[in-house]
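J.: The structure is given below, and queries will be raised subsequently.
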Amino acid sequence: MCFNGGINAFGTCYFLFHSSQTKEDAETICSSIKTRLLTIFNESEQNFVLGIAVERFTTSDYWLGLEKIVEQRSWRWNDGSILYYSNWAEAESLTNGKWYTINCSEKKFFICKTMSIVYDCQSEFFF
């Protein structure tokens with residue numbers, strides 16, 4: 001179950017924001033509702049998110065919660081998890097949900113993400 005109109009899938013709530021923000025501002029907004037900027041852990045989730053983004057935003061261009069670790073020349077998600085799945089674009093192809101790097105001061109739509117709430121209703125509780 002998701003609050004405030006979040007979309008529930010994969011045990012996760014996705015909140016789409018149809019306002020262009022810098023990455024820092026998008027992260028602040030996500031944090032204010034106790035979520036994080038979008039992380040994508042597998043191809044199924046990538047395809048799902050791309051579908052809802054294109055439907056709601058009419059674009060596949062939105063912020064991801066990736067952080068570059070300069071000294072290691074690698075990436076990690078904003079929750080600290082390692083980047084196992086990726087969907088990087090080739091230089092000539094920046095469409096269809098492929099990932100690419102841009103300056104964090106650019107303004108993009110964004111999606112926040114958190115775990116969905118699971119209610120465990122016990123049969124011995126009556127109201």
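Quick note on naming: the chains in the structure tokens go A, B, ... in the order shown, residues restart at 1 in each chain, and ligands are numbered from 1 in order of appearance.
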Identify, on the basis of only C-alpha atoms, every residue whose closest approach to Tyr14 (chain A) does not exceed 10 Å; exclude the query and any residue fewer than 5 positions from it along the same chain; express the result as a list in words.
T.: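 That gives Cys2, Phe3, Gly5, Gly6, Ile7, Asn8, Ala9, Thr35, Arg36, Leu37, Leu38, Val49, Ile52, Ile111, Cys112, Lys113, Thr114, Met115 and Ser116 of chain A.
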J.: Restrict the selected residues to C-alpha atoms and save them as a short mmCIF file (atom, residue, chain, number, x, y, z; two decimals), in the first residue's frame.
T.:
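Output saved as result_8.cif:
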data_model
loop_
_atom_site.label_atom_id
_atom_site.label_comp_id
_atom_site.auth_asym_id
_atom_site.auth_seq_id
_atom_site.Cartn_x
_atom_site.Cartn_y
_atom_site.Cartn_z
CA CYS A 2 1.26 3.46 -0.88
CA PHE A 3 0.36 6.85 0.58
CA GLY A 5 -1.10 8.56 -4.71
CA GLY A 6 2.08 6.52 -4.96
CA ILE A 7 2.14 3.68 -7.50
CA ASN A 8 2.63 0.27 -5.89
CA ALA A 9 4.74 -2.33 -7.73
CA THR A 35 11.59 8.54 0.30
CA ARG A 36 14.72 8.51 -1.88
CA LEU A 37 15.38 9.52 -5.44
CA LEU A 38 14.74 6.61 -7.79
CA VAL A 49 9.45 2.77 -14.41
CA ILE A 52 4.96 4.97 -16.10
CA ILE A 111 10.60 9.92 -9.21
CA CYS A 112 10.87 9.15 -5.50
CA LYS A 113 10.82 5.61 -4.17
CA THR A 114 10.26 3.80 -0.88
CA MET A 115 9.18 0.38 0.33
CA SER A 116 5.42 -0.15 0.30
#
J.: Which residues come within 9 Å of Ser20 (chain A), counting only C-alpha atoms, excluding same-chain residues fewer than 6 positions away, as a ChimeraX atom specification?
T.: /A:26,62,106-110
J.: Skip Ala53 (chain A) itself and residues of its chain fewer than 6 positions away, then list as a PyMOL selection string all residues within 8 Å of it, counting only C-alpha atoms.
T.: chain A and resi 16+59-60
J.: With only C-alpha atoms as the atoms that count, which of A:Thr22, A:Ser74, A:Asn47, A:Thr58 lies nearest to Gly97 (chain A)?
T.: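 Residue with the minimum atom-to-atom distance to Gly97 (chain A): A:Asn47.
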J.: Set the distance at 12 Å and use only C-alpha atoms: which residues neighbour Gly65 (chain A) once local chain neighbours fewer than 4 positions away are removed? I'd like the list as a ChimeraX atom specification.
T.: /A:23-24,26-28,30-31,35-41,75-83,99,101,104,110-113
J.: Could you state the separation of CA of Glu55 (chain A) and CA of Ile29 (chain A) in Å, given to one decimal place?
T.: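 Going from CA of Glu55 (chain A) over to CA of Ile29 (chain A) covers 21.8 Å.
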J.: Determine the nearest neighbour of Glu45 (chain A) from the options A:Ser86, A:Ser32, A:Ser19, A:Asn103, counting only C-alpha atoms.
T.: A:Ser86
J.: Closest to Tyr85 (chain A) among A:Ser44, A:Arg56, A:Leu50, A:Val70, using only C-alpha atoms?
T.: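 Counting only C-alpha atoms, the residue closest to Tyr85 (chain A) is A:Ser44.
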J.: Would you mind writing down, as a list in words, each residue of chain A that DSSP on the backbone assigns to helix (DSSP H, G or I)?
T.: Lys23, Glu24, Asp25, Ala26, Glu27, Thr28, Ile29, Cys30, Ser31, Ser32, Glu43, Ser44, Glu45, Gln46, Asn47, Phe48, Val49, Leu50, Gly51, Ile52, Ala53, Val54, Glu55, Arg56, Phe57, Val70, Glu71 and Gln72 of chain A
J.: Smallest atom-to-atom distance to Asp25 (chain A): which of A:Tyr100, A:Phe10, A:Trp88, A:Trp63, using only C-alpha atoms?
T.: A:Trp63
J.: Running DSSP on the backbone, which parts of chain A land in strand (DSSP E), as a ChimeraX atom specification?
T.: /A:7-9,12-21,36-37,62-63,66-69,74-77,108-115
J.: Would you mind reading off the distance between CA of Gly51 (chain A) and CA of Asn96 (chain A), one decimal, in Å?
T.: 9.9 Å
